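Before any comments, here is the structure.
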Amino acid sequence: MPELPEVETIKNELAPHLVGRSFSQVSLPYPGAVKRPSSEDFRRQLTGRLVAGLGRRGKYLIINLDKDMLIIHLRMTGALLLRPSQPDPWARAVFRLDDGAEIVFSDRRKLGALWLAEDENEVVGKLGPDALDPAFTARVLARRLSGREAPVKALLLDQGFLAGVGNMYADEALWAARIHPLRKGKELSPGDGERLFRAIRLVLRTAIGNKGASISTYRRPGGELGSAQNGFKVAHLGGRPCPECATPIQRLALRNRGSYFCPRCQV
DNA sequence: CCCGGAACCTGAAGGC
DNA sequence: TGCCTTCAGGTTCCGG
């Protein structure tokens, strides 16, 4: 599932193909993928636009244009693929560039979303601090945790609390910080908060270095897999021994999501 | 504001 | 073999 490291990888690998190019043709096999404006206006207004640069806020990819910006969220199964060799049955939008290249927005479950916006805050305005933004510090995290009754895992998944962390990396960060996923935000000590902050940064940076995690459908723009999943300690590893103490990793359901943790290390 | 649950989606996997 | 249920989880919406 694309979380911050996956979107960052896609941004980095797509940029050389996109920056300085313009969109010569946009087609929408699934117009429902466009959230704003209407799919017809989206197509018309995007055609001919020049790409100035790529950015990211949380899990949102932001393609800055000479006017306006194209914002893409991949949700669960979305991918942006360069020149797919086979016809893609899950193509929801196809962007042809002025050099003949094609970028296909492929999304099996149709949960992904596209916007054309004048100001990014129309789309990402309610996000919390980006997990890799220098403005996000241990002090900021501690302040945001204070007084919160919700389980810390639920807070990490709330993009209004912190933008970029999803289910996999929340589990990895909580394991690295030795914090049980059900601990309430307000019950975390200053030491817990400091360890959690460092764990979040380390886990995300390591995953970016490994070009993201291909747990299920994630592919990089060239079709390659990421390798971050090979370094996972607990995420999706129910029943396997904890790398620290060999206790079997447990799974619990939190908000309809699988949460993996070590019942001995994480208290 | 805070919290938890359902809905949106489709394909894979498992039970019987 | 085939039908049915469950699971996968990022986000938004809604009710308490």
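Residue names in the structure tokens use chain letters A, B, ... in the order shown, residue numbers from 1 in each chain, and ligand numbers from 1 in the order shown.
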
inquiry  = Using only C-alpha atoms (C1' of nucleotides) and a cut-off of 12 Å, which residues of chain A sit close to chain C? Please list them as a PyMOL selection string.
reply    = chain A and resi 1-4+58-60+73-78+109+111-113+124+127+157-160+163-168+215-217+236+253-259

inquiry  = So that I can check the surroundings of Ala101 (chain A), please list as a list of chain:residue names every protein, DNA and RNA residue that reaches within 9 Å of it, counting only C-alpha atoms (C1' of nucleotides) and ignoring chain neighbours fewer than 2 positions away.
reply    =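 After dropping sequence-adjacent residues, the list is A:His17, A:Leu82, A:Arg83, A:Phe95, A:Arg96, A:Leu97, A:Asp98, A:Asp99, A:Ile103.
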
Resulting file, chosen residues, N, CA and C atoms, as an mmCIF file, in the first residue's frame:
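Final file, again-v4.cif:
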```
data_model
loop_
_atom_site.group_PDB
_atom_site.id
_atom_site.type_symbol
_atom_site.label_atom_id
_atom_site.label_comp_id
_atom_site.auth_asym_id
_atom_site.auth_seq_id
_atom_site.Cartn_x
_atom_site.Cartn_y
_atom_site.Cartn_z
ATOM 1 N N HIS A 17 11.172 12.069 -15.807
ATOM 2 C CA HIS A 17 10.371 11.856 -17.016
ATOM 3 C C HIS A 17 9.339 12.959 -17.218
ATOM 4 N N LEU A 82 5.102 3.934 -16.107
ATOM 5 C CA LEU A 82 5.632 4.465 -17.352
ATOM 6 C C LEU A 82 5.577 3.405 -18.439
ATOM 7 N N ARG A 83 5.000 3.755 -19.577
ATOM 8 C CA ARG A 83 5.002 2.855 -20.723
ATOM 9 C C ARG A 83 4.788 1.401 -20.350
ATOM 10 N N PHE A 95 -1.978 9.512 -19.220
ATOM 11 C CA PHE A 95 -1.400 10.825 -19.515
ATOM 12 C C PHE A 95 -0.321 10.651 -20.582
ATOM 13 N N ARG A 96 -0.566 11.231 -21.761
ATOM 14 C CA ARG A 96 0.453 11.183 -22.800
ATOM 15 C C ARG A 96 1.241 12.479 -22.756
ATOM 16 N N LEU A 97 2.572 12.362 -22.857
ATOM 17 C CA LEU A 97 3.436 13.538 -22.789
ATOM 18 C C LEU A 97 3.883 13.963 -24.183
ATOM 19 N N ASP A 98 4.439 15.183 -24.267
ATOM 20 C CA ASP A 98 4.799 15.723 -25.583
ATOM 21 C C ASP A 98 6.009 15.024 -26.197
ATOM 22 N N ASP A 99 6.710 14.169 -25.407
ATOM 23 C CA ASP A 99 7.817 13.410 -26.000
ATOM 24 C C ASP A 99 7.368 12.004 -26.384
ATOM 25 N N ILE A 103 2.120 7.899 -19.157
ATOM 26 C CA ILE A 103 2.049 7.519 -17.757
ATOM 27 C C ILE A 103 0.629 7.054 -17.484
#
```

query = How far is it from CA of Lys186 (chain A) to CA of Arg139 (chain A), in Å with one decimal?
reply =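 Between CA of Lys186 (chain A) and CA of Arg139 (chain A) the gap works out to 14.1 Å.
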
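Using only C-alpha atoms (C1' of nucleotides), the nearest neighbour of chain B within the list A:Gly147, A:Pro5, A:Gly53, A:Gly100 is A:Gly147.
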
message = Considering only helix (DSSP H, G or I) as DSSP defines it on the backbone, what residues of region 104-258 of chain A qualify? List them as a ChimeraX atom specification.
response = /A:121-124,138-145,152-157,167-176,185-187,190-209,228-231

key: Coordinates-based distance that separates CA of Phe161 (chain A) from CA of Lys126 (chain A) (Å, one decimal)   = 9.4 Å

message = Please report the interatomic distance between CA of Phe23 (chain A) and CA of Arg49 (chain A) in Å with one decimal.
response = 5.7 Å

inquiry  = Using only C-alpha atoms (C1' of nucleotides), can you tell me which of A:Leu174, A:Val94, A:Ala246, A:Ala154 comes closest to chain B?
reply    = A:Ala154

May I have the residues within 6 Å of region 26-31 of chain A as a short mmCIF file (atom, residue, chain, number, x, y, z; two decimals) with C-alpha atoms, in the first residue's frame, using only C-alpha atoms (C1' of nucleotides) and disregarding those fewer than 3 positions away in the same chain?
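Full text of around04.cif as output:
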```cif
data_model
loop_
_atom_site.label_atom_id
_atom_site.label_comp_id
_atom_site.auth_asym_id
_atom_site.auth_seq_id
_atom_site.Cartn_x
_atom_site.Cartn_y
_atom_site.Cartn_z
CA VAL A 34 -11.39 12.52 -10.95
CA SER A 39 -13.80 14.92 -15.54
CA ARG A 43 -9.16 16.65 -19.22
CA ARG A 92 -8.11 4.66 -14.86
CA ALA A 93 -6.31 7.60 -16.48
CA VAL A 94 -3.68 7.80 -19.20
CA PHE A 95 -1.40 10.83 -19.51
#
```

request  = Please provide the set of residues having any atom within 10 Å of DC2 (chain B), restricted to only C-alpha atoms (C1' of nucleotides), with same-chain residues fewer than 3 positions apart removed, written as an MDAnalysis selection string.
outcome  = chainID A and resid 148:150

request  = Tell me which of A:Arg205, A:Arg143, A:Leu155, A:Val123 sits closest to chain B, counting only C-alpha atoms (C1' of nucleotides).
outcome  =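 Once distances to chain B are computed over only C-alpha atoms (C1' of nucleotides), the minimum belongs to A:Leu155.
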
With 8 Å as the cut-off and only C-alpha atoms (C1' of nucleotides) counted, what is the closest atom pair between each nearby residue of chain B and chain A? Distances in Å to one decimal, ordered by chain and number, as a Markdown table.
```
| residue | atom | partner | partner_atom | distance |
| --- | --- | --- | --- | --- |
| B:DC3 | C1' | A:Ala150 | CA | 6.9 |
| B:DG4 | C1' | A:Arg255 | CA | 7.6 |
| B:DG5 | C1' | A:Arg255 | CA | 7.7 |
| B:DC8 | C1' | A:Leu111 | CA | 7.3 |
| B:DC9 | C1' | A:Arg109 | CA | 5.0 |
| B:DT10 | C1' | A:Arg109 | CA | 4.8 |
```
